[in-house]
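Reading through the C-alpha cells given below for one structure.
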Amino acid sequence: MINYLPILSLFVLAVTFAFGTILASHLIGPKNPYREKLSPYECGMPPVGNTKERFPIKFYIIAMLFIIFDIEGVFMIPWAVVFKRLGMFGLIEMGVFIAILLIGLAYVWKKGALEWE
Amino acid sequence: MTEFVTIMIVKMVVIFAAVMGTMTYITLAERKILGYMQIRPGPNRVGPWGLLQPIADGIKLFLKEDIIPDKASKAVFVIAPAMALIPAVMTIAVVPFGPTVTILGRPVDIYMADLNIGILYIFAVSSIGVYGIVLAGWASESKYSLLGGLRASAQMISYELSMGFAIVGVIMMSQSLSMVKIIEAQQGVWFIVPQLFGFIIYITAAMAELNRTPFDLPEGESELVAGYFTEYSSMKYAMFMLAEYINIITVSGIVTTLYLGGWSGPVLPPLLWFVIKLLAVVFFMIWVRATVPRLRYDQLMTLGWKVLLPASIVNILLTPIIMKIFGYL
C-alpha cells in the first residue's frame with residue numbers, strides 16, 4: 001500500500017491547489033456584478049426560453065453502448081497480462097469472446113444505433 | 001520512514017512544478033508554432049520573443065472578475081473546474097520520467113509511483129475528468145454550455161473505448177500493466193514497430209479524448225461560443241485550460257512510455273530522452289492542429305464507432321500473429 005502514498009499526497013496537493021487558486025482569485029478579483037452580466041450568454045440578446053433544453057436521445061444510447069463495450073474491455077486487460085501462460089486455450093477462448101463482441105457491434109451497427117443524421 | 005516521506009514530498013513538488021512550468025510554455029509554443037505555420041510571428045510583444053506571454057496571461061486570468069451566473073447551480077459550478085483539474089494532476093503520478101538515479105548518495109526514482117496497475121490507474125483516473133466537463137456544462141444553465149458538455153461527454157466516452165482496446169496490444173507484448181515494466185520490455189524494439197496499427201489508433205483516440213483539433217467540437221467556437229466553459233471566467237476558466245494542457249503532457253508521456261521506448265536511448269541521459277520524445281509528441285499534436293480541419297459531428301461519431309472501434313478490436317486479434325513474427329512468442 002506504501003506505493004499509493006505518493007498518489008494520496010498528490011491528491012491533497014491537487015485539491016489544495018485547485019480550490020486555493022479559485023478562492024484566491026475570487027477574493028482578489030474585482031466585483032462589479034449587474035443583472036445583464038449574470039445572465040447566461042446568448043450572443044448579446046436577452047436569453048430566450050428555458051436553459052434546460054431537451055436534447056436528443058442519441059446521447060443516451062451512446063452512453064449505454066459505452067458501458068457495455070467498456071465492461072468487455074475490462075475483461076481483456078487482465079487476460080492480456082497472462083495470455084502467454086494461458087497458451088493456446090486462452091487464445092481461442094478470447095477469440096470466441098471477441099467474435100461475440102464483434103457480432104454485438106455488427107448488430108448495433110445494423111440496427112442503426114450508430115447513425116447520426 | 002521520515003526519509004521516504006521527505007523524498008516523496010520533494011519529488012512531488014519538483015515534478016508538479018516542472019509539469020506546471022512545461023505546461024505554461026506549451027501554450028506559448030503552440031501559439032508560436034501555429035503562428036509560423038500560418039506565416040505570422042505569433043505573440044512577440046511581451047518579453048523577448050514573447051517569452052513572458054504565458055506569465056502575463058496567467059496574471060491577467062488570475063486578476064479577472066470571478067462571475068457566477070445567477071441561474072447557475074452555485075456549488076456544482078465552483079466544483080466542476082476543480083474536478084477537471086484534479087484527475088489531470090493525479091495522472092502525472094505514474095508517468096515514468098526517468099529511471100532510478102543516485103542523488104546525494106540515495107537511490108531516487110524519477111517518477112512518483114510505480115504501481116503494478118499503472119496504465120489501468122491512468123485510464124481510471126483520467127476518465128473522471130469527464131465529470132468535470134459534464135457538470136460544468138450542466139451547472140452553467142446556458143444552452144451553449146449544456147450542448148458543449150453533452151458533446152464532450154459523448155465524444156470522450158466513445159473514444160475511450162478504442163483507446164482502451166488499443167493498449168491491450170501493448171499489454172500483451174509487455175505482460176505487465178506497470179509503466180516501468182512496459183519500458184523495460186522495449187529494450188530491444190520500441191513497440192511502435194510491432195504495434196504500429198495500435199499506435200495510430202491510440203494517438204487518434206487520444207487526441208479526440210483531449211478535445212484537440214480536429215476533434216474540438218465540444219468547444220467549436222463557430223457554433224457553440226466556447227462549449228462547456230462559455231459561462232466561466234477568471235481562474236475557473238483557467239482551470240479548464242490547465243487541465244487540458246496537463247492532459248496533453250500526460251498523454252504525450254503515455255505515448256512515449258507505451259510506444260516510443262520511454263527513457264531508453266543512446267548517449268544522452270534517460271531523463272533527457274524522455275523529455276525529447278514527450279515534446280516531439282506534443283509538437284506532433286500542434287502540427288495536426290495546424291493541418292487538419294475540424295470534423296463534422298456525425299463524421300466524428302462514425303470515425304469513433306465504425307472505424308477505430310472495430311480496428312482496435314482487430315488489432316487485439318492481430319497481436320499474437322505479430323508477436324509470433326517478431327519472436328516474442
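Quick note on naming: the chains in the C-alpha cells go A, B, ... in the order shown, residues restart at 1 in each chain, and ligands are numbered from 1 in order of appearance.
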Can you tell me which residues surround Ile286 of chain B at a distance of at most 12 Å, considering only C-alpha atoms, apart from same-chain residues fewer than 5 positions away, and format the answer as a ChimeraX atom specification? /B:26-37,207,212-214,245,248,252,279-281,291-292
Using only C-alpha atoms, determine which residues of chain B fall within 8 Å of chain A; present them as JSON, numbers by chain. {"B": [8, 9, 12, 62, 63, 64, 65, 66, 67, 68, 69, 70, 71, 82, 85, 86, 89, 90, 93, 112, 113, 114, 115, 140, 141, 142, 143, 146, 150, 154, 157, 158, 161, 164, 165, 168, 169, 171, 172, 174, 175, 176, 177, 230, 231, 234, 235, 236, 239, 297, 298, 301, 302, 305, 306, 310, 313, 317, 329]}
Here atom CA of Gly227 of chain B and atom CA of Ser145 of chain B stand apart by 5.1 Å
Do a neighbour search on Val19 of chain B at 9 Å with only C-alpha atoms, toss out local chain neighbours closer than 4 positions, and write the hits as an NGL selection string. :B and (14-15 or 23-24 or 92 or 246 or 249)
Can I get the selected residues back with C-alpha atoms, as a PDB file, in the first residue's frame?
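Contents of again37.pdb, freshly written:
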ATOM      1  CA  VAL B  14       9.607  19.173  -8.176  1.00  0.00           C
ATOM      2  CA  ILE B  15       7.537  17.103 -10.633  1.00  0.00           C
ATOM      3  CA  MET B  23       2.513  23.375 -19.446  1.00  0.00           C
ATOM      4  CA  THR B  24       2.604  27.179 -19.444  1.00  0.00           C
ATOM      5  CA  ILE B  92       1.172  12.562 -13.529  1.00  0.00           C
ATOM      6  CA  ILE B 246      -1.631  18.993 -18.314  1.00  0.00           C
ATOM      7  CA  ILE B 249       1.611  16.355 -21.278  1.00  0.00           C
TER       8      ILE B 249
END
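Here atom CA of Gly253 of chain B and atom CA of Gln187 of chain B stand 17.4 Å from one another.
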Mind listing the helix (DSSP H, G or I) residues of segment 71-306 of chain B, per DSSP on the backbone, as a compact mmCIF listing (two decimals) with N, CA and C atoms, in the first residue's frame?
# COMPACT_ATOMS: atom_id res chain seq x y z
N LYS B 74 -24.76 26.95 -7.92
CA LYS B 74 -23.51 27.54 -7.45
C LYS B 74 -22.45 26.51 -7.06
N ALA B 75 -22.82 25.56 -6.18
CA ALA B 75 -21.82 24.62 -5.67
C ALA B 75 -21.19 23.83 -6.81
N VAL B 76 -22.04 23.26 -7.68
CA VAL B 76 -21.52 22.44 -8.78
C VAL B 76 -20.69 23.30 -9.73
N PHE B 77 -21.14 24.53 -9.94
CA PHE B 77 -20.43 25.44 -10.84
C PHE B 77 -19.01 25.70 -10.35
N VAL B 78 -18.82 25.77 -9.04
CA VAL B 78 -17.49 26.01 -8.49
C VAL B 78 -16.66 24.72 -8.47
N ILE B 79 -17.32 23.58 -8.18
CA ILE B 79 -16.57 22.33 -8.04
C ILE B 79 -16.11 21.81 -9.41
N ALA B 80 -16.93 22.03 -10.46
CA ALA B 80 -16.64 21.43 -11.77
C ALA B 80 -15.23 21.71 -12.30
N PRO B 81 -14.73 22.97 -12.30
CA PRO B 81 -13.37 23.17 -12.83
C PRO B 81 -12.32 22.43 -12.03
N ALA B 82 -12.51 22.37 -10.69
CA ALA B 82 -11.56 21.62 -9.87
C ALA B 82 -11.62 20.15 -10.22
N MET B 83 -12.82 19.66 -10.52
CA MET B 83 -12.96 18.24 -10.86
C MET B 83 -12.33 17.90 -12.19
N ALA B 84 -12.18 18.90 -13.06
CA ALA B 84 -11.47 18.65 -14.31
C ALA B 84 -9.96 18.65 -14.06
N LEU B 85 -9.51 19.52 -13.15
CA LEU B 85 -8.06 19.67 -12.94
C LEU B 85 -7.47 18.56 -12.09
N ILE B 86 -8.16 18.17 -11.01
CA ILE B 86 -7.59 17.22 -10.05
C ILE B 86 -7.19 15.89 -10.71
N PRO B 87 -8.08 15.23 -11.50
CA PRO B 87 -7.64 13.98 -12.15
C PRO B 87 -6.47 14.21 -13.09
N ALA B 88 -6.46 15.36 -13.78
CA ALA B 88 -5.35 15.66 -14.70
C ALA B 88 -4.03 15.68 -13.94
N VAL B 89 -4.01 16.33 -12.78
CA VAL B 89 -2.78 16.39 -11.99
C VAL B 89 -2.43 15.01 -11.46
N MET B 90 -3.46 14.25 -11.04
CA MET B 90 -3.17 12.96 -10.40
C MET B 90 -2.57 11.93 -11.34
N THR B 91 -2.89 12.03 -12.63
CA THR B 91 -2.33 11.03 -13.56
C THR B 91 -0.82 11.17 -13.71
N ILE B 92 -0.28 12.37 -13.39
CA ILE B 92 1.17 12.56 -13.53
C ILE B 92 1.94 11.59 -12.63
N ALA B 93 1.30 11.17 -11.52
CA ALA B 93 2.00 10.36 -10.52
C ALA B 93 2.68 9.13 -11.11
N VAL B 94 2.07 8.49 -12.10
CA VAL B 94 2.65 7.24 -12.58
C VAL B 94 3.40 7.38 -13.91
N GLY B 118 -0.29 0.41 -13.12
CA GLY B 118 -0.04 1.75 -13.66
C GLY B 118 -0.96 2.25 -14.75
N ILE B 119 -1.00 1.53 -15.87
CA ILE B 119 -1.74 2.02 -17.02
C ILE B 119 -3.24 2.03 -16.76
N LEU B 120 -3.68 1.03 -15.96
CA LEU B 120 -5.09 0.95 -15.60
C LEU B 120 -5.49 2.14 -14.72
N TYR B 121 -4.55 2.51 -13.83
CA TYR B 121 -4.77 3.66 -12.94
C TYR B 121 -4.96 4.93 -13.77
N ILE B 122 -4.11 5.10 -14.81
CA ILE B 122 -4.23 6.30 -15.64
C ILE B 122 -5.60 6.35 -16.31
N PHE B 123 -6.04 5.21 -16.84
CA PHE B 123 -7.34 5.18 -17.51
C PHE B 123 -8.46 5.47 -16.53
N ALA B 124 -8.37 4.88 -15.33
CA ALA B 124 -9.42 5.05 -14.33
C ALA B 124 -9.51 6.51 -13.90
N VAL B 125 -8.37 7.12 -13.61
CA VAL B 125 -8.39 8.48 -13.07
C VAL B 125 -8.72 9.49 -14.16
N SER B 126 -8.13 9.30 -15.37
CA SER B 126 -8.34 10.34 -16.39
C SER B 126 -9.80 10.36 -16.85
N GLY B 129 -12.14 12.93 -15.29
CA GLY B 129 -12.14 14.27 -15.84
C GLY B 129 -13.39 14.60 -16.64
N VAL B 130 -14.04 13.58 -17.21
CA VAL B 130 -15.27 13.81 -17.99
C VAL B 130 -16.35 14.41 -17.10
N TYR B 131 -16.37 13.99 -15.81
CA TYR B 131 -17.39 14.53 -14.90
C TYR B 131 -17.27 16.03 -14.78
N GLY B 132 -16.05 16.52 -14.68
CA GLY B 132 -15.85 17.95 -14.56
C GLY B 132 -16.50 18.68 -15.72
N ILE B 133 -16.33 18.13 -16.92
CA ILE B 133 -16.84 18.78 -18.13
C ILE B 133 -18.36 18.69 -18.19
N VAL B 134 -18.91 17.51 -17.89
CA VAL B 134 -20.37 17.36 -17.93
C VAL B 134 -21.03 18.27 -16.90
N LEU B 135 -20.46 18.27 -15.68
CA LEU B 135 -21.05 19.08 -14.62
C LEU B 135 -20.93 20.57 -14.94
N ALA B 136 -19.80 20.97 -15.55
CA ALA B 136 -19.64 22.37 -15.93
C ALA B 136 -20.73 22.76 -16.93
N GLY B 137 -20.97 21.90 -17.91
CA GLY B 137 -21.99 22.18 -18.91
C GLY B 137 -23.38 22.23 -18.30
N TRP B 138 -23.64 21.35 -17.34
CA TRP B 138 -24.97 21.25 -16.75
C TRP B 138 -25.22 22.39 -15.78
N ALA B 139 -24.19 22.73 -14.97
CA ALA B 139 -24.39 23.70 -13.89
C ALA B 139 -24.46 25.13 -14.39
N LYS B 143 -27.47 27.41 -22.76
CA LYS B 143 -27.69 26.41 -23.80
C LYS B 143 -26.38 25.96 -24.43
N TYR B 144 -25.48 26.92 -24.65
CA TYR B 144 -24.20 26.56 -25.27
C TYR B 144 -23.42 25.61 -24.38
N SER B 145 -23.42 25.91 -23.09
CA SER B 145 -22.67 25.06 -22.15
C SER B 145 -23.25 23.66 -22.13
N LEU B 146 -24.58 23.57 -22.07
CA LEU B 146 -25.22 22.26 -21.98
C LEU B 146 -24.87 21.42 -23.20
N LEU B 147 -25.02 22.03 -24.40
CA LEU B 147 -24.72 21.27 -25.63
C LEU B 147 -23.25 20.90 -25.70
N GLY B 148 -22.39 21.85 -25.31
CA GLY B 148 -20.95 21.58 -25.32
C GLY B 148 -20.59 20.44 -24.39
N GLY B 149 -21.17 20.46 -23.18
CA GLY B 149 -20.90 19.41 -22.21
C GLY B 149 -21.35 18.06 -22.70
N LEU B 150 -22.55 18.02 -23.32
CA LEU B 150 -23.08 16.76 -23.84
C LEU B 150 -22.20 16.21 -24.94
N ARG B 151 -21.85 17.09 -25.86
CA ARG B 151 -20.99 16.67 -26.96
C ARG B 151 -19.68 16.13 -26.45
N ALA B 152 -19.10 16.86 -25.49
CA ALA B 152 -17.80 16.44 -24.96
C ALA B 152 -17.90 15.07 -24.32
N SER B 153 -18.96 14.86 -23.53
CA SER B 153 -19.04 13.57 -22.83
C SER B 153 -19.24 12.45 -23.84
N ALA B 154 -20.13 12.64 -24.82
CA ALA B 154 -20.37 11.59 -25.81
C ALA B 154 -19.09 11.28 -26.57
N GLN B 155 -18.36 12.32 -26.94
CA GLN B 155 -17.11 12.14 -27.69
C GLN B 155 -16.07 11.42 -26.84
N MET B 156 -15.93 11.85 -25.60
CA MET B 156 -14.87 11.28 -24.78
C MET B 156 -15.14 9.82 -24.45
N ILE B 157 -16.40 9.47 -24.16
CA ILE B 157 -16.64 8.06 -23.85
C ILE B 157 -16.53 7.21 -25.10
N SER B 158 -16.90 7.75 -26.26
CA SER B 158 -16.79 6.96 -27.49
C SER B 158 -15.34 6.60 -27.79
N TYR B 159 -14.45 7.58 -27.62
CA TYR B 159 -13.06 7.35 -27.99
C TYR B 159 -12.28 6.63 -26.90
N GLU B 160 -12.83 6.66 -25.68
CA GLU B 160 -12.16 5.95 -24.60
C GLU B 160 -12.13 4.45 -24.88
N LEU B 161 -13.19 3.95 -25.56
CA LEU B 161 -13.25 2.52 -25.89
C LEU B 161 -12.08 2.12 -26.78
N SER B 162 -11.90 2.83 -27.89
CA SER B 162 -10.82 2.46 -28.82
C SER B 162 -9.47 2.61 -28.14
N MET B 163 -9.35 3.63 -27.26
CA MET B 163 -8.10 3.82 -26.53
C MET B 163 -7.81 2.61 -25.66
N GLY B 164 -8.82 2.17 -24.92
CA GLY B 164 -8.65 1.02 -24.03
C GLY B 164 -8.29 -0.23 -24.79
N PHE B 165 -8.97 -0.46 -25.94
CA PHE B 165 -8.68 -1.67 -26.72
C PHE B 165 -7.30 -1.58 -27.37
N ALA B 166 -6.89 -0.37 -27.77
CA ALA B 166 -5.59 -0.23 -28.44
C ALA B 166 -4.44 -0.60 -27.52
N ILE B 167 -4.56 -0.26 -26.21
CA ILE B 167 -3.42 -0.56 -25.31
C ILE B 167 -3.36 -2.04 -24.94
N VAL B 168 -4.46 -2.80 -25.19
CA VAL B 168 -4.41 -4.24 -24.89
C VAL B 168 -3.26 -4.88 -25.65
N GLY B 169 -3.03 -4.44 -26.89
CA GLY B 169 -1.91 -4.97 -27.68
C GLY B 169 -0.58 -4.77 -26.98
N VAL B 170 -0.37 -3.56 -26.42
CA VAL B 170 0.89 -3.27 -25.71
C VAL B 170 1.01 -4.15 -24.48
N ILE B 171 -0.10 -4.31 -23.75
CA ILE B 171 -0.05 -5.11 -22.53
C ILE B 171 0.28 -6.57 -22.87
N MET B 172 -0.27 -7.06 -23.99
CA MET B 172 0.02 -8.43 -24.40
C MET B 172 1.52 -8.62 -24.65
N MET B 173 2.16 -7.60 -25.20
CA MET B 173 3.58 -7.72 -25.51
C MET B 173 4.46 -7.55 -24.28
N SER B 174 4.04 -6.66 -23.36
CA SER B 174 4.90 -6.39 -22.20
C SER B 174 4.57 -7.31 -21.03
N MET B 179 4.08 0.78 -15.68
CA MET B 179 4.69 1.64 -16.69
C MET B 179 6.19 1.36 -16.82
N VAL B 180 6.86 1.11 -15.69
CA VAL B 180 8.30 0.86 -15.72
C VAL B 180 8.59 -0.46 -16.44
N LYS B 181 7.77 -1.50 -16.15
CA LYS B 181 7.98 -2.80 -16.80
C LYS B 181 7.72 -2.69 -18.30
N ILE B 182 6.76 -1.85 -18.69
CA ILE B 182 6.48 -1.68 -20.13
C ILE B 182 7.70 -1.09 -20.83
N ILE B 183 8.36 -0.11 -20.17
CA ILE B 183 9.57 0.47 -20.77
C ILE B 183 10.68 -0.58 -20.84
N GLU B 184 10.82 -1.36 -19.75
CA GLU B 184 11.87 -2.38 -19.74
C GLU B 184 11.65 -3.43 -20.84
N LEU B 196 2.40 -0.74 -34.66
CA LEU B 196 2.18 0.49 -35.43
C LEU B 196 0.69 0.79 -35.58
N PHE B 197 -0.07 -0.26 -35.87
CA PHE B 197 -1.52 -0.15 -36.04
C PHE B 197 -2.17 0.37 -34.76
N GLY B 198 -1.77 -0.24 -33.64
CA GLY B 198 -2.29 0.17 -32.33
C GLY B 198 -1.89 1.60 -32.01
N PHE B 199 -0.67 1.99 -32.38
CA PHE B 199 -0.18 3.34 -32.13
C PHE B 199 -1.04 4.38 -32.85
N ILE B 200 -1.35 4.10 -34.12
CA ILE B 200 -2.17 5.05 -34.89
C ILE B 200 -3.55 5.19 -34.25
N ILE B 201 -4.15 4.05 -33.86
CA ILE B 201 -5.45 4.10 -33.20
C ILE B 201 -5.35 4.88 -31.90
N TYR B 202 -4.30 4.58 -31.12
CA TYR B 202 -4.19 5.20 -29.80
C TYR B 202 -4.05 6.72 -29.93
N ILE B 203 -3.18 7.18 -30.81
CA ILE B 203 -2.91 8.63 -30.83
C ILE B 203 -4.12 9.38 -31.41
N THR B 204 -4.84 8.77 -32.35
CA THR B 204 -6.06 9.40 -32.86
C THR B 204 -7.10 9.51 -31.75
N ALA B 205 -7.32 8.38 -31.05
CA ALA B 205 -8.31 8.38 -29.98
C ALA B 205 -7.90 9.33 -28.86
N ALA B 206 -6.59 9.40 -28.58
CA ALA B 206 -6.13 10.26 -27.50
C ALA B 206 -6.38 11.72 -27.85
N MET B 207 -6.18 12.09 -29.11
CA MET B 207 -6.43 13.48 -29.49
C MET B 207 -7.90 13.82 -29.39
N ALA B 208 -8.77 12.84 -29.70
CA ALA B 208 -10.21 13.06 -29.54
C ALA B 208 -10.57 13.18 -28.07
N GLU B 209 -9.92 12.36 -27.25
CA GLU B 209 -10.15 12.37 -25.81
C GLU B 209 -9.75 13.73 -25.21
N LEU B 217 -14.88 19.65 -31.30
CA LEU B 217 -16.29 20.06 -31.41
C LEU B 217 -16.91 20.55 -30.12
N PRO B 218 -16.54 19.99 -28.95
CA PRO B 218 -17.17 20.45 -27.72
C PRO B 218 -16.96 21.95 -27.50
N GLU B 219 -15.88 22.51 -28.02
CA GLU B 219 -15.66 23.94 -27.84
C GLU B 219 -15.59 24.65 -29.19
N GLU B 221 -15.81 27.04 -31.59
CA GLU B 221 -16.20 28.42 -31.31
C GLU B 221 -17.15 28.99 -32.34
N SER B 222 -17.18 28.41 -33.55
CA SER B 222 -18.05 28.99 -34.57
C SER B 222 -19.51 28.57 -34.37
N GLU B 223 -19.77 27.55 -33.52
CA GLU B 223 -21.17 27.18 -33.31
C GLU B 223 -21.58 27.21 -31.84
N LEU B 224 -20.64 26.97 -30.94
CA LEU B 224 -21.02 26.84 -29.53
C LEU B 224 -20.35 27.89 -28.64
N GLY B 227 -18.37 26.30 -25.89
CA GLY B 227 -18.77 25.00 -25.36
C GLY B 227 -19.01 25.02 -23.88
N TYR B 228 -18.55 23.98 -23.19
CA TYR B 228 -18.91 23.82 -21.78
C TYR B 228 -18.38 24.91 -20.87
N PHE B 229 -17.33 25.67 -21.28
CA PHE B 229 -16.88 26.73 -20.37
C PHE B 229 -17.29 28.14 -20.83
N SER B 234 -12.23 34.16 -15.29
CA SER B 234 -11.18 34.21 -14.27
C SER B 234 -10.46 32.87 -14.08
N MET B 235 -10.13 32.54 -12.84
CA MET B 235 -9.32 31.35 -12.56
C MET B 235 -10.08 30.07 -12.86
N LYS B 236 -11.41 30.11 -12.79
CA LYS B 236 -12.18 28.89 -13.07
C LYS B 236 -12.05 28.51 -14.54
N TYR B 237 -12.02 29.53 -15.39
CA TYR B 237 -11.79 29.28 -16.82
C TYR B 237 -10.36 28.75 -17.02
N ALA B 238 -9.42 29.39 -16.32
CA ALA B 238 -8.02 28.97 -16.44
C ALA B 238 -7.84 27.52 -16.03
N MET B 239 -8.66 27.09 -15.05
CA MET B 239 -8.56 25.72 -14.56
C MET B 239 -8.83 24.70 -15.67
N PHE B 240 -9.82 24.99 -16.53
CA PHE B 240 -10.09 24.08 -17.65
C PHE B 240 -8.91 24.05 -18.61
N MET B 241 -8.31 25.24 -18.82
CA MET B 241 -7.14 25.31 -19.71
C MET B 241 -5.96 24.54 -19.11
N LEU B 242 -5.74 24.73 -17.80
CA LEU B 242 -4.67 23.99 -17.12
C LEU B 242 -4.89 22.50 -17.29
N ALA B 243 -6.12 22.05 -17.04
CA ALA B 243 -6.42 20.62 -17.12
C ALA B 243 -6.13 20.11 -18.53
N GLU B 244 -6.54 20.90 -19.54
CA GLU B 244 -6.36 20.48 -20.93
C GLU B 244 -4.87 20.31 -21.26
N TYR B 245 -4.06 21.31 -20.85
CA TYR B 245 -2.65 21.25 -21.22
C TYR B 245 -1.88 20.24 -20.38
N ILE B 246 -2.27 20.05 -19.11
CA ILE B 246 -1.63 18.99 -18.31
C ILE B 246 -1.96 17.64 -18.93
N ASN B 247 -3.21 17.49 -19.39
CA ASN B 247 -3.58 16.23 -20.04
C ASN B 247 -2.77 15.99 -21.30
N ILE B 248 -2.45 17.07 -22.03
CA ILE B 248 -1.62 16.90 -23.22
C ILE B 248 -0.26 16.33 -22.83
N ILE B 249 0.31 16.86 -21.74
CA ILE B 249 1.61 16.36 -21.28
C ILE B 249 1.49 14.89 -20.86
N THR B 250 0.43 14.58 -20.09
CA THR B 250 0.28 13.19 -19.64
C THR B 250 0.12 12.24 -20.81
N VAL B 251 -0.76 12.61 -21.76
CA VAL B 251 -0.98 11.72 -22.90
C VAL B 251 0.31 11.55 -23.70
N SER B 252 1.06 12.63 -23.89
CA SER B 252 2.34 12.51 -24.60
C SER B 252 3.28 11.60 -23.82
N GLY B 253 3.26 11.71 -22.49
CA GLY B 253 4.06 10.84 -21.66
C GLY B 253 3.66 9.38 -21.81
N ILE B 254 2.34 9.14 -21.89
CA ILE B 254 1.87 7.76 -22.05
C ILE B 254 2.29 7.23 -23.41
N VAL B 255 2.12 8.03 -24.46
CA VAL B 255 2.53 7.59 -25.80
C VAL B 255 4.02 7.25 -25.80
N THR B 256 4.83 8.14 -25.18
CA THR B 256 6.27 7.89 -25.10
C THR B 256 6.56 6.58 -24.39
N THR B 257 5.84 6.35 -23.27
CA THR B 257 6.08 5.14 -22.48
C THR B 257 5.65 3.89 -23.23
N LEU B 258 4.44 3.93 -23.79
CA LEU B 258 3.87 2.72 -24.36
C LEU B 258 4.47 2.37 -25.71
N TYR B 259 4.78 3.37 -26.52
CA TYR B 259 5.15 3.07 -27.91
C TYR B 259 6.55 3.52 -28.30
N PRO B 270 18.85 9.37 -19.65
CA PRO B 270 17.49 8.87 -19.88
C PRO B 270 16.41 9.94 -19.72
N LEU B 271 16.54 10.78 -18.69
CA LEU B 271 15.50 11.80 -18.45
C LEU B 271 15.36 12.72 -19.66
N LEU B 272 16.53 13.07 -20.25
CA LEU B 272 16.52 13.96 -21.41
C LEU B 272 15.84 13.29 -22.59
N TRP B 273 16.11 11.97 -22.75
CA TRP B 273 15.46 11.24 -23.84
C TRP B 273 13.95 11.27 -23.68
N PHE B 274 13.51 11.07 -22.43
CA PHE B 274 12.07 11.07 -22.19
C PHE B 274 11.46 12.42 -22.56
N VAL B 275 12.12 13.50 -22.13
CA VAL B 275 11.60 14.85 -22.41
C VAL B 275 11.59 15.12 -23.91
N ILE B 276 12.66 14.71 -24.61
CA ILE B 276 12.73 14.93 -26.06
C ILE B 276 11.56 14.23 -26.75
N LYS B 277 11.35 12.96 -26.40
CA LYS B 277 10.27 12.20 -27.04
C LYS B 277 8.91 12.80 -26.71
N LEU B 278 8.76 13.20 -25.41
CA LEU B 278 7.48 13.78 -24.99
C LEU B 278 7.19 15.06 -25.78
N LEU B 279 8.20 15.93 -25.91
CA LEU B 279 7.98 17.18 -26.63
C LEU B 279 7.74 16.93 -28.12
N ALA B 280 8.36 15.87 -28.66
CA ALA B 280 8.12 15.53 -30.06
C ALA B 280 6.65 15.17 -30.27
N VAL B 281 6.07 14.43 -29.31
CA VAL B 281 4.65 14.07 -29.42
C VAL B 281 3.78 15.32 -29.30
N VAL B 282 4.15 16.22 -28.37
CA VAL B 282 3.40 17.47 -28.23
C VAL B 282 3.45 18.26 -29.53
N PHE B 283 4.66 18.34 -30.11
CA PHE B 283 4.80 19.07 -31.38
C PHE B 283 3.92 18.45 -32.45
N PHE B 284 3.87 17.11 -32.49
CA PHE B 284 3.03 16.43 -33.47
C PHE B 284 1.57 16.86 -33.32
N MET B 285 1.11 16.95 -32.07
CA MET B 285 -0.29 17.33 -31.84
C MET B 285 -0.56 18.76 -32.31
N ILE B 286 0.41 19.66 -32.09
CA ILE B 286 0.24 21.04 -32.54
C ILE B 286 0.25 21.10 -34.07
N TRP B 287 1.10 20.31 -34.65
CA TRP B 287 1.23 20.23 -36.11
C TRP B 287 -0.11 19.78 -36.71
N VAL B 288 -0.71 18.75 -36.11
CA VAL B 288 -2.00 18.26 -36.58
C VAL B 288 -3.04 19.37 -36.51
N ARG B 289 -2.98 20.15 -35.41
CA ARG B 289 -3.95 21.24 -35.25
C ARG B 289 -3.84 22.25 -36.38
N ALA B 290 -2.61 22.51 -36.84
CA ALA B 290 -2.42 23.49 -37.90
C ALA B 290 -2.79 22.92 -39.27
N THR B 291 -2.90 21.59 -39.37
CA THR B 291 -3.05 20.96 -40.68
C THR B 291 -4.47 20.51 -40.99
N TYR B 297 -19.97 16.56 -36.67
CA TYR B 297 -20.25 15.68 -35.54
C TYR B 297 -20.55 14.25 -35.97
N ASP B 298 -21.29 14.08 -37.07
CA ASP B 298 -21.59 12.70 -37.49
C ASP B 298 -20.33 12.00 -37.98
N GLN B 299 -19.41 12.76 -38.60
CA GLN B 299 -18.14 12.15 -39.02
C GLN B 299 -17.33 11.70 -37.81
N LEU B 300 -17.39 12.52 -36.76
CA LEU B 300 -16.67 12.20 -35.53
C LEU B 300 -17.17 10.89 -34.95
N MET B 301 -18.49 10.74 -34.87
CA MET B 301 -19.07 9.54 -34.28
C MET B 301 -18.82 8.33 -35.18
N THR B 302 -18.90 8.55 -36.51
CA THR B 302 -18.61 7.45 -37.44
C THR B 302 -17.17 6.98 -37.27
N LEU B 303 -16.24 7.94 -37.17
CA LEU B 303 -14.84 7.56 -37.02
C LEU B 303 -14.62 6.77 -35.74
N GLY B 304 -15.25 7.22 -34.66
CA GLY B 304 -15.05 6.55 -33.38
C GLY B 304 -15.64 5.15 -33.34
N TRP B 305 -16.90 5.04 -33.75
CA TRP B 305 -17.61 3.77 -33.56
C TRP B 305 -17.45 2.81 -34.72
N LYS B 306 -17.34 3.34 -35.94
CA LYS B 306 -17.32 2.42 -37.10
C LYS B 306 -15.93 2.18 -37.66
Could you work out how far atom CA of Gly104 of chain A lies from atom CA of Phe75 of chain A, giving the answer in Å with one decimal? 15.8 Å
List the spatial neighbours of Phe191 of chain B as a PyMOL selection string - criterion: any atom at most 7 Å away, only C-alpha atoms, same-chain residues fewer than 2 positions off excluded. chain B and resi 186+189+193-195+258-261
Write out, as a tab-separated table (two decimals), in the first residue's frame, the residues just selected, with C-alpha atoms.
chain	number	residue	atom	x	y	z
B	186	GLN	CA	11.08	-2.25	-25.04
B	189	VAL	CA	12.49	-2.85	-30.28
B	193	VAL	CA	7.24	-1.03	-34.75
B	194	PRO	CA	5.24	-4.18	-33.91
B	195	GLN	CA	2.26	-2.15	-32.67
B	258	LEU	CA	3.87	2.72	-24.36
B	259	TYR	CA	5.15	3.07	-27.91
B	260	LEU	CA	8.37	5.10	-28.09
B	261	GLY	CA	10.53	3.18	-25.63
